[in-house]
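Student: Data: upload16.pdb, PDB, C-alpha atoms.
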```pdb
ATOM      1  CA  MET A   1     -11.846   6.020   3.707
ATOM      2  CA  SER A   2     -12.950   7.446   0.382
ATOM      3  CA  GLU A   3     -14.480   6.009  -2.766
ATOM      4  CA  VAL A   4     -12.691   5.848  -6.128
ATOM      5  CA  VAL A   5     -14.647   4.689  -9.173
ATOM      6  CA  THR A   6     -12.460   2.972 -11.784
ATOM      7  CA  GLY A   7     -13.011   2.990 -15.519
ATOM      8  CA  ASP A   8     -14.727  -0.399 -15.206
ATOM      9  CA  ALA A   9     -17.318   1.087 -12.816
ATOM     10  CA  VAL A  10     -15.757  -0.714  -9.831
ATOM     11  CA  VAL A  11     -15.880   1.179  -6.542
ATOM     12  CA  LEU A  12     -12.629   1.025  -4.572
ATOM     13  CA  ASP A  13     -12.127   2.055  -0.962
ATOM     14  CA  VAL A  14      -8.898   4.066  -0.571
ATOM     15  CA  GLN A  15      -7.400   5.963   2.342
ATOM     16  CA  VAL A  16      -6.867   9.598   1.377
ATOM     17  CA  ALA A  17      -3.623  11.148   2.622
ATOM     18  CA  GLN A  18      -4.405  13.904   5.108
ATOM     19  CA  LEU A  19      -2.806  17.336   5.227
ATOM     20  CA  PRO A  20      -0.224  16.757   8.030
ATOM     21  CA  VAL A  21       1.215  13.669   6.335
ATOM     22  CA  ARG A  22       1.319  15.389   2.957
ATOM     23  CA  ALA A  23       2.996  18.435   4.511
ATOM     24  CA  VAL A  24       5.813  16.322   5.959
ATOM     25  CA  GLY A  25       6.307  14.583   2.613
ATOM     26  CA  ALA A  26       6.364  17.950   0.821
ATOM     27  CA  ILE A  27       8.973  19.300   3.257
ATOM     28  CA  ILE A  28      11.202  16.286   2.554
ATOM     29  CA  ASP A  29      10.869  16.863  -1.191
ATOM     30  CA  ILE A  30      11.638  20.567  -0.782
ATOM     31  CA  VAL A  31      14.785  19.756   1.219
ATOM     32  CA  VAL A  32      15.935  17.335  -1.490
ATOM     33  CA  MET A  33      15.277  19.878  -4.242
ATOM     34  CA  LEU A  34      16.986  22.717  -2.364
ATOM     35  CA  THR A  35      20.017  20.511  -1.716
ATOM     36  CA  GLY A  36      20.331  19.736  -5.407
ATOM     37  CA  TYR A  37      19.753  23.370  -6.300
ATOM     38  CA  ILE A  38      22.466  24.585  -3.912
ATOM     39  CA  LEU A  39      24.950  22.072  -5.309
ATOM     40  CA  GLY A  40      24.109  23.168  -8.831
ATOM     41  CA  MET A  41      24.461  26.825  -7.914
ATOM     42  CA  THR A  42      27.871  26.111  -6.410
ATOM     43  CA  LEU A  43      29.042  24.585  -9.677
ATOM     44  CA  TRP A  44      27.443  27.436 -11.603
ATOM     45  CA  ALA A  45      29.279  30.042  -9.498
ATOM     46  CA  ALA A  46      32.592  28.272 -10.120
ATOM     47  CA  THR A  47      32.172  28.641 -13.897
ATOM     48  CA  LEU A  48      31.101  32.294 -14.027
ATOM     49  CA  SER A  49      34.436  33.422 -15.431
ATOM     50  CA  GLU A  50      34.422  30.868 -18.260
ATOM     51  CA  PHE A  51      31.184  31.952 -20.000
ATOM     52  CA  ASP A  52      29.634  35.257 -20.977
ATOM     53  CA  ASP A  53      26.765  36.786 -19.032
ATOM     54  CA  ALA A  54      23.973  35.779 -21.446
ATOM     55  CA  LEU A  55      24.986  32.119 -21.474
ATOM     56  CA  THR A  56      25.380  32.113 -17.711
ATOM     57  CA  VAL A  57      21.869  33.500 -17.201
ATOM     58  CA  ALA A  58      20.471  30.953 -19.672
ATOM     59  CA  PHE A  59      22.115  28.120 -17.760
ATOM     60  CA  LEU A  60      20.684  29.466 -14.499
ATOM     61  CA  ILE A  61      17.140  29.640 -15.885
ATOM     62  CA  ILE A  62      17.324  26.163 -17.420
ATOM     63  CA  PHE A  63      18.717  24.651 -14.239
ATOM     64  CA  THR A  64      16.019  26.305 -12.113
ATOM     65  CA  VAL A  65      13.262  24.957 -14.365
ATOM     66  CA  LEU A  66      14.798  21.482 -14.269
ATOM     67  CA  VAL A  67      14.872  21.497 -10.474
ATOM     68  CA  LEU A  68      11.387  22.921  -9.912
ATOM     69  CA  VAL A  69       9.566  21.168 -12.759
ATOM     70  CA  GLY A  70      11.766  18.524 -14.341
ATOM     71  CA  TYR A  71      12.687  16.695 -11.143
ATOM     72  CA  PRO A  72       9.128  16.141  -9.793
ATOM     73  CA  VAL A  73       7.783  15.275 -13.254
ATOM     74  CA  ALA A  74      10.553  12.775 -13.965
ATOM     75  CA  ILE A  75      10.524  11.000 -10.606
ATOM     76  CA  GLU A  76       6.719  10.827 -10.283
ATOM     77  CA  THR A  77       6.347   9.519 -13.835
ATOM     78  CA  ALA A  78       9.113   6.939 -13.407
ATOM     79  CA  THR A  79       7.880   5.705 -10.021
ATOM     80  CA  ARG A  80       4.143   5.915 -10.851
ATOM     81  CA  GLY A  81       3.260   8.717  -8.490
ATOM     82  CA  ARG A  82       5.973   8.613  -5.853
ATOM     83  CA  SER A  83       8.829  10.898  -4.838
ATOM     84  CA  VAL A  84      11.430  10.858  -2.085
ATOM     85  CA  GLY A  85       9.063  12.485   0.400
ATOM     86  CA  LYS A  86       6.080  10.375  -0.618
ATOM     87  CA  LEU A  87       8.177   7.222  -0.411
ATOM     88  CA  ALA A  88       9.262   8.142   3.106
ATOM     89  CA  MET A  89       5.670   8.817   4.211
ATOM     90  CA  GLY A  90       4.053   5.931   2.330
ATOM     91  CA  LEU A  91       2.109   8.124  -0.115
ATOM     92  CA  ARG A  92       1.320   7.781  -3.801
ATOM     93  CA  VAL A  93      -0.352   9.991  -6.400
ATOM     94  CA  VAL A  94      -3.053   8.219  -8.421
ATOM     95  CA  SER A  95      -5.665   9.338 -10.930
ATOM     96  CA  ASP A  96      -9.227  10.016  -9.885
ATOM     97  CA  ASP A  97     -10.177   6.675 -11.463
ATOM     98  CA  GLY A  98      -7.602   4.785  -9.393
ATOM     99  CA  GLY A  99      -5.075   4.366 -12.223
ATOM    100  CA  PRO A 100      -1.385   5.319 -12.047
ATOM    101  CA  GLU A 101      -0.319   8.929 -12.468
ATOM    102  CA  ARG A 102       0.464   9.869 -16.077
ATOM    103  CA  PHE A 103       3.074  12.254 -17.479
ATOM    104  CA  ARG A 104       0.473  14.908 -18.276
ATOM    105  CA  GLN A 105      -0.858  14.822 -14.720
ATOM    106  CA  ALA A 106       2.621  15.025 -13.200
ATOM    107  CA  LEU A 107       3.371  18.023 -15.443
ATOM    108  CA  PHE A 108       0.208  19.856 -14.342
ATOM    109  CA  ARG A 109       1.018  19.231 -10.676
ATOM    110  CA  ALA A 110       4.609  20.440 -11.073
ATOM    111  CA  LEU A 111       3.623  23.603 -12.956
ATOM    112  CA  SER A 112       0.980  24.520 -10.393
ATOM    113  CA  SER A 113       3.432  23.936  -7.539
ATOM    114  CA  ILE A 114       5.552  26.846  -8.798
ATOM    115  CA  VAL A 115       2.744  29.241  -7.911
ATOM    116  CA  GLU A 116       0.942  27.605  -4.988
ATOM    117  CA  ILE A 117       3.995  26.209  -3.166
ATOM    118  CA  TRP A 118       7.114  28.151  -4.168
ATOM    119  CA  MET A 119       5.744  31.638  -4.901
ATOM    120  CA  LEU A 120       2.913  31.710  -2.320
ATOM    121  CA  LEU A 121       4.676  29.515   0.278
ATOM    122  CA  GLY A 122       2.079  26.758   0.102
ATOM    123  CA  SER A 123      -0.841  28.777   1.463
ATOM    124  CA  PRO A 124      -3.206  27.989  -1.466
ATOM    125  CA  ALA A 125      -2.339  24.296  -1.174
ATOM    126  CA  VAL A 126      -3.111  24.258   2.555
ATOM    127  CA  ILE A 127      -6.422  26.106   2.180
ATOM    128  CA  CYS A 128      -7.560  23.986  -0.763
ATOM    129  CA  SER A 129      -6.629  20.749   1.023
ATOM    130  CA  MET A 130      -8.621  21.755   4.089
ATOM    131  CA  LEU A 131     -11.700  22.612   2.013
ATOM    132  CA  SER A 132     -11.545  19.544  -0.234
ATOM    133  CA  SER A 133     -13.221  16.331   0.895
ATOM    134  CA  LYS A 134     -10.328  14.362  -0.623
ATOM    135  CA  ALA A 135      -7.567  16.707   0.605
ATOM    136  CA  LYS A 136      -6.746  17.899  -2.909
ATOM    137  CA  ARG A 137      -4.521  20.885  -3.553
ATOM    138  CA  VAL A 138      -4.914  23.136  -6.597
ATOM    139  CA  GLY A 139      -2.576  21.011  -8.699
ATOM    140  CA  ASP A 140      -4.555  17.870  -7.920
ATOM    141  CA  ILE A 141      -7.796  19.533  -9.024
ATOM    142  CA  PHE A 142      -6.320  20.636 -12.358
ATOM    143  CA  ALA A 143      -4.542  17.320 -12.970
ATOM    144  CA  GLY A 144      -7.390  15.061 -11.837
ATOM    145  CA  THR A 145      -5.309  13.246  -9.222
ATOM    146  CA  ILE A 146      -5.557  12.263  -5.590
ATOM    147  CA  VAL A 147      -2.864  11.415  -3.032
ATOM    148  CA  VAL A 148      -3.535   8.182  -1.152
ATOM    149  CA  SER A 149      -1.798   6.513   1.756
ATOM    150  CA  GLU A 150      -0.416   3.026   1.204
ATOM    151  CA  ARG A 151       0.166   2.445   4.910
ATOM    152  CA  GLY A 152      -3.451   2.145   5.899
ATOM    153  CA  PRO A 153      -4.618   0.073   8.859
ATOM    154  CA  ARG A 154      -4.769  -3.650   8.362
ATOM    155  CA  LEU A 155      -8.335  -4.593   7.471
ATOM    156  CA  ALA A 156     -10.059  -7.375   9.305
ATOM    157  CA  PRO A 157     -10.621 -10.549   7.270
ATOM    158  CA  THR A 158     -13.973 -10.925   5.584
ATOM    159  CA  PRO A 159     -16.317 -12.994   7.777
ATOM    160  CA  ALA A 160     -17.247 -16.458   6.583
ATOM    161  CA  MET A 161     -20.641 -17.091   5.074
ATOM    162  CA  PRO A 162     -23.050 -18.780   7.531
ATOM    163  CA  PRO A 163     -24.161 -21.969   5.738
ATOM    164  CA  ALA A 164     -27.780 -21.525   6.822
ATOM    165  CA  LEU A 165     -27.956 -18.076   5.166
ATOM    166  CA  ALA A 166     -26.129 -18.817   1.910
ATOM    167  CA  TRP A 167     -29.375 -19.235  -0.033
ATOM    168  CA  TRP A 168     -30.696 -15.924   1.296
ATOM    169  CA  ALA A 169     -27.467 -14.014   0.642
ATOM    170  CA  SER A 170     -27.325 -15.180  -2.985
ATOM    171  CA  SER A 171     -30.591 -13.324  -3.697
ATOM    172  CA  LEU A 172     -29.639 -10.051  -2.003
ATOM    173  CA  GLN A 173     -29.789  -6.684  -3.739
ATOM    174  CA  LEU A 174     -26.742  -4.830  -2.406
ATOM    175  CA  ALA A 175     -26.795  -1.741  -4.625
ATOM    176  CA  GLY A 176     -28.011   0.483  -1.784
ATOM    177  CA  LEU A 177     -25.333  -0.638   0.690
ATOM    178  CA  THR A 178     -22.658   2.057   0.948
ATOM    179  CA  PRO A 179     -18.956   1.346   1.604
ATOM    180  CA  GLY A 180     -19.224   3.271   4.869
ATOM    181  CA  GLN A 181     -21.987   1.010   6.181
ATOM    182  CA  ALA A 182     -20.052  -2.081   5.126
ATOM    183  CA  GLU A 183     -16.931  -0.782   6.877
ATOM    184  CA  VAL A 184     -18.861  -0.139  10.103
ATOM    185  CA  ALA A 185     -20.274  -3.664  10.019
ATOM    186  CA  ARG A 186     -16.832  -5.136   9.309
ATOM    187  CA  GLN A 187     -15.213  -3.293  12.209
ATOM    188  CA  PHE A 188     -18.013  -4.311  14.557
ATOM    189  CA  LEU A 189     -17.679  -8.004  13.691
ATOM    190  CA  SER A 190     -13.906  -7.867  14.115
ATOM    191  CA  ARG A 191     -14.262  -6.429  17.641
ATOM    192  CA  ALA A 192     -17.479  -8.129  18.738
ATOM    193  CA  THR A 193     -15.677 -10.600  20.988
ATOM    194  CA  GLN A 194     -14.008  -7.738  22.884
ATOM    195  CA  LEU A 195     -17.256  -5.927  23.725
ATOM    196  CA  ASP A 196     -19.555  -6.334  26.680
ATOM    197  CA  PRO A 197     -22.358  -8.791  25.753
ATOM    198  CA  ARG A 198     -25.118  -6.284  26.477
ATOM    199  CA  LEU A 199     -23.433  -3.514  24.511
ATOM    200  CA  ARG A 200     -22.578  -5.961  21.726
ATOM    201  CA  ASP A 201     -26.224  -6.953  21.290
ATOM    202  CA  GLN A 202     -27.362  -3.334  21.209
ATOM    203  CA  MET A 203     -24.780  -2.409  18.590
ATOM    204  CA  ALA A 204     -25.544  -5.521  16.552
ATOM    205  CA  TYR A 205     -29.254  -4.700  16.319
ATOM    206  CA  ARG A 206     -28.553  -1.058  15.491
ATOM    207  CA  ILE A 207     -25.980  -1.785  12.776
ATOM    208  CA  ALA A 208     -28.039  -4.637  11.341
ATOM    209  CA  GLY A 209     -31.096  -2.382  11.170
ATOM    210  CA  ASP A 210     -29.078   0.239   9.317
ATOM    211  CA  VAL A 211     -27.777  -2.353   6.844
ATOM    212  CA  LEU A 212     -31.135  -4.075   6.321
ATOM    213  CA  SER A 213     -32.752  -0.756   5.445
ATOM    214  CA  GLN A 214     -30.544  -0.603   2.334
ATOM    215  CA  ILE A 215     -30.853  -4.184   1.062
ATOM    216  CA  ALA A 216     -33.586  -6.620   0.056
ATOM    217  CA  PRO A 217     -35.096  -9.128   0.714
ATOM    218  CA  PRO A 218     -35.222  -9.226   4.523
ATOM    219  CA  PRO A 219     -33.536 -12.128   6.337
ATOM    220  CA  PRO A 220     -35.454 -15.109   7.703
ATOM    221  CA  PRO A 221     -37.331 -14.276  10.916
ATOM    222  CA  GLY A 222     -35.407 -14.863  14.109
ATOM    223  CA  THR A 223     -31.939 -14.701  12.518
ATOM    224  CA  PRO A 224     -29.324 -13.245  14.906
ATOM    225  CA  PRO A 225     -28.085  -9.837  13.711
ATOM    226  CA  GLN A 226     -24.427 -10.871  13.797
ATOM    227  CA  LEU A 227     -25.099 -13.727  11.385
ATOM    228  CA  VAL A 228     -27.016 -11.340   9.132
ATOM    229  CA  LEU A 229     -24.069  -8.939   8.998
ATOM    230  CA  ALA A 230     -21.633 -11.776   8.340
ATOM    231  CA  ALA A 231     -23.765 -13.082   5.465
ATOM    232  CA  VAL A 232     -24.108  -9.641   3.889
ATOM    233  CA  LEU A 233     -20.378  -8.893   4.066
ATOM    234  CA  ALA A 234     -19.401 -12.326   2.767
ATOM    235  CA  GLU A 235     -21.787 -12.025  -0.186
ATOM    236  CA  ARG A 236     -20.595  -8.494  -0.949
ATOM    237  CA  HIS A 237     -16.989  -9.654  -0.933
ATOM    238  CA  ARG A 238     -17.814 -12.606  -3.190
ATOM    239  CA  ARG A 239     -19.517 -10.379  -5.743
ATOM    240  CA  GLU A 240     -16.645  -7.888  -5.766
ATOM    241  CA  LEU A 241     -14.164 -10.687  -6.453
ATOM    242  CA  ALA A 242     -16.385 -12.075  -9.194
ATOM    243  CA  ARG A 243     -16.584  -8.636 -10.801
ATOM    244  CA  LEU A 244     -12.802  -8.187 -10.777
ATOM    245  CA  ARG A 245     -12.052 -11.724 -11.975
ATOM    246  CA  PRO A 246     -11.597 -11.847 -15.787
ATOM    247  CA  MET A 247     -14.097 -13.889 -17.704
ATOM    248  CA  GLY A 248     -12.607 -16.990 -19.352
ATOM    249  CA  PRO A 249     -13.514 -18.276 -22.819
ATOM    250  CA  PRO A 250     -16.575 -20.488 -23.013
ATOM    251  CA  THR A 251     -15.753 -24.154 -22.762
ATOM    252  CA  MET A 252     -17.197 -26.770 -25.113
ATOM    253  CA  PRO A 253     -18.708 -29.968 -23.725
ATOM    254  CA  HIS A 254     -16.362 -32.936 -23.814
ATOM    255  CA  THR A 255     -19.072 -35.515 -24.513
ATOM    256  CA  ALA A 256     -20.779 -35.804 -27.857
ATOM    257  CA  PRO A 257     -24.522 -35.127 -27.874
ATOM    258  CA  ALA A 258     -26.880 -38.065 -28.177
ATOM    259  CA  PRO A 259     -28.274 -38.732 -31.690
ATOM    260  CA  TRP A 260     -31.665 -37.244 -32.381
ATOM    261  CA  THR A 261     -34.501 -39.680 -32.796
ATOM    262  CA  PRO A 262     -37.649 -38.401 -34.471
ATOM    263  CA  THR A 263     -40.819 -39.052 -32.565
ATOM    264  CA  ALA A 264     -44.363 -38.605 -33.635
ATOM    265  CA  PRO A 265     -46.246 -35.812 -31.901
ATOM    266  CA  GLN A 266     -48.862 -36.814 -29.372
ATOM    267  CA  TYR A 267     -52.157 -34.991 -29.051
ATOM    268  CA  PRO A 268     -54.975 -35.569 -26.587
ATOM    269  CA  GLY A 269     -57.450 -38.146 -27.856
ATOM    270  CA  TRP A 270     -55.133 -39.545 -30.540
ATOM    271  CA  PRO A 271     -53.992 -43.175 -30.530
ATOM    272  CA  PRO A 272     -50.321 -43.717 -29.708
ATOM    273  CA  ALA A 273     -47.840 -43.968 -32.579
ATOM    274  CA  PRO A 274     -47.015 -47.548 -33.697
ATOM    275  CA  ARG A 275     -43.718 -48.997 -32.510
ATOM    276  CA  GLN A 276     -40.931 -49.391 -35.069
ATOM    277  CA  GLN A 277     -40.586 -53.006 -36.280
ATOM    278  CA  ASN A 278     -37.339 -54.929 -36.480
ATOM    279  CA  ALA A 279     -35.661 -54.164 -39.796
ATOM    280  CA  ASP A 280     -32.780 -56.660 -39.632
ATOM    281  CA  PRO A 281     -32.050 -58.148 -43.088
ATOM    282  CA  GLY A 282     -33.274 -61.701 -43.465
ATOM    283  CA  GLY A 283     -35.307 -61.606 -40.311
ATOM    284  CA  PHE A 284     -39.004 -61.661 -39.641
ATOM    285  CA  SER A 285     -41.030 -59.816 -37.126
ATOM    286  CA  PRO A 286     -44.653 -60.661 -36.458
ATOM    287  CA  PRO A 287     -47.189 -57.885 -36.759
ATOM    288  CA  THR A 288     -48.169 -56.137 -33.569
TER     289      THR A 288
END
```
Output the structure of this file as structure tokens.
Tutor:
Amino acid sequence: MSEVVTGDAVVLDVQVAQLPVRAVGAIIDIVVMLTGYILGMTLWAATLSEFDDALTVAFLIIFTVLVLVGYPVAIETATRGRSVGKLAMGLRVVSDDGGPERFRQALFRALSSIVEIWMLLGSPAVICSMLSSKAKRVGDIFAGTIVVSERGPRLAPTPAMPPALAWWASSLQLAGLTPGQAEVARQFLSRATQLDPRLRDQMAYRIAGDVLSQIAPPPPPGTPPQLVLAAVLAERHRRELARLRPMGPPTMPHTAPAPWTPTAPQYPGWPPAPRQQNADPGGFSPPT
């Protein structure tokens, strides 16, 4: 898993496509492009006698550029970062901020592929992907993109909030908790029932100690570590959903406010203010 920070400063956990999967997808795309190029060359060879040499060479150059650059740019822009090979392998090209791939980024990737894939047989792309923490090739670095896998493992459901720890979780400071620590805690809770009880307790205390070192305040004394992890993950999930949920317009109260009644100020040592007498017309109220 890797982190992608969106333009709204929201951290997303994405699964970066690794080199073997990307290589298979690239081979599929190369086969598709070579098939189209061979068919085009067959038609071009059949019309050699109908055009002069200059026009024939111009057609050949234009067709080559369309196959090597135009095809990947057009299909990735139209499908928002996918091609035939990426579709077969469950991959997608996205921006570094998690947004869809744009035309400019697809153009940079296609132009760089002429050198690093076609002319140098993909060796720069392989070396750069192995050295990059996000498996980026040269075109991805120039374009500001990343290839992610959409067929990631099914994540375990977020644990429910323990009712006894809801008040404590609402006051937590989770800024220091990293996505990697949260993922370790989530995987442990999803497999806790399958572990040996002794090993489960040891892992629970170790993971809870790692998590508690990054958050504040500490949990109530004597709280089981599994409940602590469940409360932290549930609160983290709730805050992420609240951050992504759009804010609605403020609502006005449906009931009219009560009329304001002036009252005399009261000070220590002063006599109380006299009560208001009955002011009904025609009536009489005795003095108080």
Student: Can you list, as a compact mmCIF listing (two decimals) with C-alpha atoms, in the coordinates of the input, the residues that the PyMOL selection byres ((chain A and resi 25) around 8) selects here?
Tutor:
```txt
# COMPACT_ATOMS: atom_id res chain seq x y z
CA VAL A 21 1.22 13.67 6.34
CA ARG A 22 1.32 15.39 2.96
CA ALA A 23 3.00 18.43 4.51
CA VAL A 24 5.81 16.32 5.96
CA ALA A 26 6.36 17.95 0.82
CA ILE A 27 8.97 19.30 3.26
CA ILE A 28 11.20 16.29 2.55
CA ASP A 29 10.87 16.86 -1.19
CA VAL A 84 11.43 10.86 -2.08
CA GLY A 85 9.06 12.48 0.40
CA LYS A 86 6.08 10.38 -0.62
CA ALA A 88 9.26 8.14 3.11
CA MET A 89 5.67 8.82 4.21
```
Student: To one decimal place in Å, what is the distance between atom CA of A:Val16 and atom CA of A:Leu229?
Tutor: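 Computed distance, atom CA of A:Val16 to atom CA of A:Leu229, equals 26.4 Å.
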Student: Determine the residue set returned by the PyMOL selection byres ((chain A and resi 196-208) around 12) for the present structure, and present it as a ChimeraX atom specification.
Tutor: /A:177,180-195,209-215,218-219,223-233
Student: Could those selected residues go to a file with C-alpha atoms, as a PDB file, keeping the file's coordinate frame?
Tutor:
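New file out.pdb:
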```pdb
ATOM      1  CA  LEU A 177     -25.333  -0.638   0.690  1.00  0.00           C
ATOM      2  CA  GLY A 180     -19.224   3.271   4.869  1.00  0.00           C
ATOM      3  CA  GLN A 181     -21.987   1.010   6.181  1.00  0.00           C
ATOM      4  CA  ALA A 182     -20.052  -2.081   5.126  1.00  0.00           C
ATOM      5  CA  GLU A 183     -16.931  -0.782   6.877  1.00  0.00           C
ATOM      6  CA  VAL A 184     -18.861  -0.139  10.103  1.00  0.00           C
ATOM      7  CA  ALA A 185     -20.274  -3.664  10.019  1.00  0.00           C
ATOM      8  CA  ARG A 186     -16.832  -5.136   9.309  1.00  0.00           C
ATOM      9  CA  GLN A 187     -15.213  -3.293  12.209  1.00  0.00           C
ATOM     10  CA  PHE A 188     -18.013  -4.311  14.557  1.00  0.00           C
ATOM     11  CA  LEU A 189     -17.679  -8.004  13.691  1.00  0.00           C
ATOM     12  CA  SER A 190     -13.906  -7.867  14.115  1.00  0.00           C
ATOM     13  CA  ARG A 191     -14.262  -6.429  17.641  1.00  0.00           C
ATOM     14  CA  ALA A 192     -17.479  -8.129  18.738  1.00  0.00           C
ATOM     15  CA  THR A 193     -15.677 -10.600  20.988  1.00  0.00           C
ATOM     16  CA  GLN A 194     -14.008  -7.738  22.884  1.00  0.00           C
ATOM     17  CA  LEU A 195     -17.256  -5.927  23.725  1.00  0.00           C
ATOM     18  CA  GLY A 209     -31.096  -2.382  11.170  1.00  0.00           C
ATOM     19  CA  ASP A 210     -29.078   0.239   9.317  1.00  0.00           C
ATOM     20  CA  VAL A 211     -27.777  -2.353   6.844  1.00  0.00           C
ATOM     21  CA  LEU A 212     -31.135  -4.075   6.321  1.00  0.00           C
ATOM     22  CA  SER A 213     -32.752  -0.756   5.445  1.00  0.00           C
ATOM     23  CA  GLN A 214     -30.544  -0.603   2.334  1.00  0.00           C
ATOM     24  CA  ILE A 215     -30.853  -4.184   1.062  1.00  0.00           C
ATOM     25  CA  PRO A 218     -35.222  -9.226   4.523  1.00  0.00           C
ATOM     26  CA  PRO A 219     -33.536 -12.128   6.337  1.00  0.00           C
ATOM     27  CA  THR A 223     -31.939 -14.701  12.518  1.00  0.00           C
ATOM     28  CA  PRO A 224     -29.324 -13.245  14.906  1.00  0.00           C
ATOM     29  CA  PRO A 225     -28.085  -9.837  13.711  1.00  0.00           C
ATOM     30  CA  GLN A 226     -24.427 -10.871  13.797  1.00  0.00           C
ATOM     31  CA  LEU A 227     -25.099 -13.727  11.385  1.00  0.00           C
ATOM     32  CA  VAL A 228     -27.016 -11.340   9.132  1.00  0.00           C
ATOM     33  CA  LEU A 229     -24.069  -8.939   8.998  1.00  0.00           C
ATOM     34  CA  ALA A 230     -21.633 -11.776   8.340  1.00  0.00           C
ATOM     35  CA  ALA A 231     -23.765 -13.082   5.465  1.00  0.00           C
ATOM     36  CA  VAL A 232     -24.108  -9.641   3.889  1.00  0.00           C
ATOM     37  CA  LEU A 233     -20.378  -8.893   4.066  1.00  0.00           C
TER      38      LEU A 233
END
```
Student: Just give me the gap between atom CA of A:Ile141 and atom CA of A:Ile75 in Å, one decimal is fine.
Tutor: 20.3 Å
Student: How many Å lie between atom CA of A:Leu68 and atom CA of A:Pro100, rounded to one decimal?
Tutor: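 According to the coordinates, atom CA of A:Leu68 and atom CA of A:Pro100 are separated by 21.9 Å.
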Student: Which residues fall under the PyMOL selection byres ((chain A and resi 237) around 12) in this file, as a PyMOL selection string?
Tutor: chain A and resi 157-161+169-170+174+179+182-183+186+230-236+238-244
Student: So that I can see what lies close to A:Ile61, please list as a list in words the residues with an atom at most 12 Å from it, counting all atoms listed in the file and leaving out residues fewer than 6 positions away in the same chain.
Tutor: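 Everything that qualifies: Tyr37, Gly40, Met41, Trp44, Ala54, Leu55, Val67, Leu68 and Val69 of chain A.
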Student: Output stretch 116-128 of chain A with N, CA and C atoms present, as a short mmCIF file (atom, residue, chain, number, x, y, z; two decimals), keeping the file's coordinate frame.
Tutor:
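Saved file out05.cif follows:
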```cif
data_model
loop_
_atom_site.label_atom_id
_atom_site.label_comp_id
_atom_site.auth_asym_id
_atom_site.auth_seq_id
_atom_site.Cartn_x
_atom_site.Cartn_y
_atom_site.Cartn_z
N GLU A 116 1.61 27.83 -6.28
CA GLU A 116 0.94 27.60 -4.99
C GLU A 116 1.89 27.17 -3.88
N ILE A 117 3.06 26.66 -4.21
CA ILE A 117 4.00 26.21 -3.17
C ILE A 117 5.21 27.12 -3.08
N TRP A 118 5.87 27.39 -4.21
CA TRP A 118 7.11 28.15 -4.17
C TRP A 118 6.86 29.66 -4.07
N MET A 119 5.96 30.19 -4.89
CA MET A 119 5.74 31.64 -4.90
C MET A 119 4.87 32.10 -3.74
N LEU A 120 3.84 31.33 -3.39
CA LEU A 120 2.91 31.71 -2.32
C LEU A 120 3.13 30.91 -1.05
N LEU A 121 4.27 30.22 -0.94
CA LEU A 121 4.68 29.52 0.28
C LEU A 121 3.67 28.46 0.73
N GLY A 122 2.96 27.88 -0.20
CA GLY A 122 2.08 26.76 0.10
C GLY A 122 0.74 27.12 0.71
N SER A 123 0.44 28.40 0.85
CA SER A 123 -0.84 28.78 1.46
C SER A 123 -2.05 28.35 0.63
N PRO A 124 -2.05 28.50 -0.71
CA PRO A 124 -3.21 27.99 -1.47
C PRO A 124 -3.37 26.48 -1.34
N ALA A 125 -2.26 25.75 -1.29
CA ALA A 125 -2.34 24.30 -1.17
C ALA A 125 -2.95 23.89 0.16
N VAL A 126 -2.57 24.59 1.23
CA VAL A 126 -3.11 24.26 2.56
C VAL A 126 -4.60 24.56 2.62
N ILE A 127 -5.01 25.73 2.12
CA ILE A 127 -6.42 26.11 2.18
C ILE A 127 -7.27 25.18 1.33
N CYS A 128 -6.79 24.87 0.13
CA CYS A 128 -7.56 23.99 -0.76
C CYS A 128 -7.66 22.58 -0.19
#
```
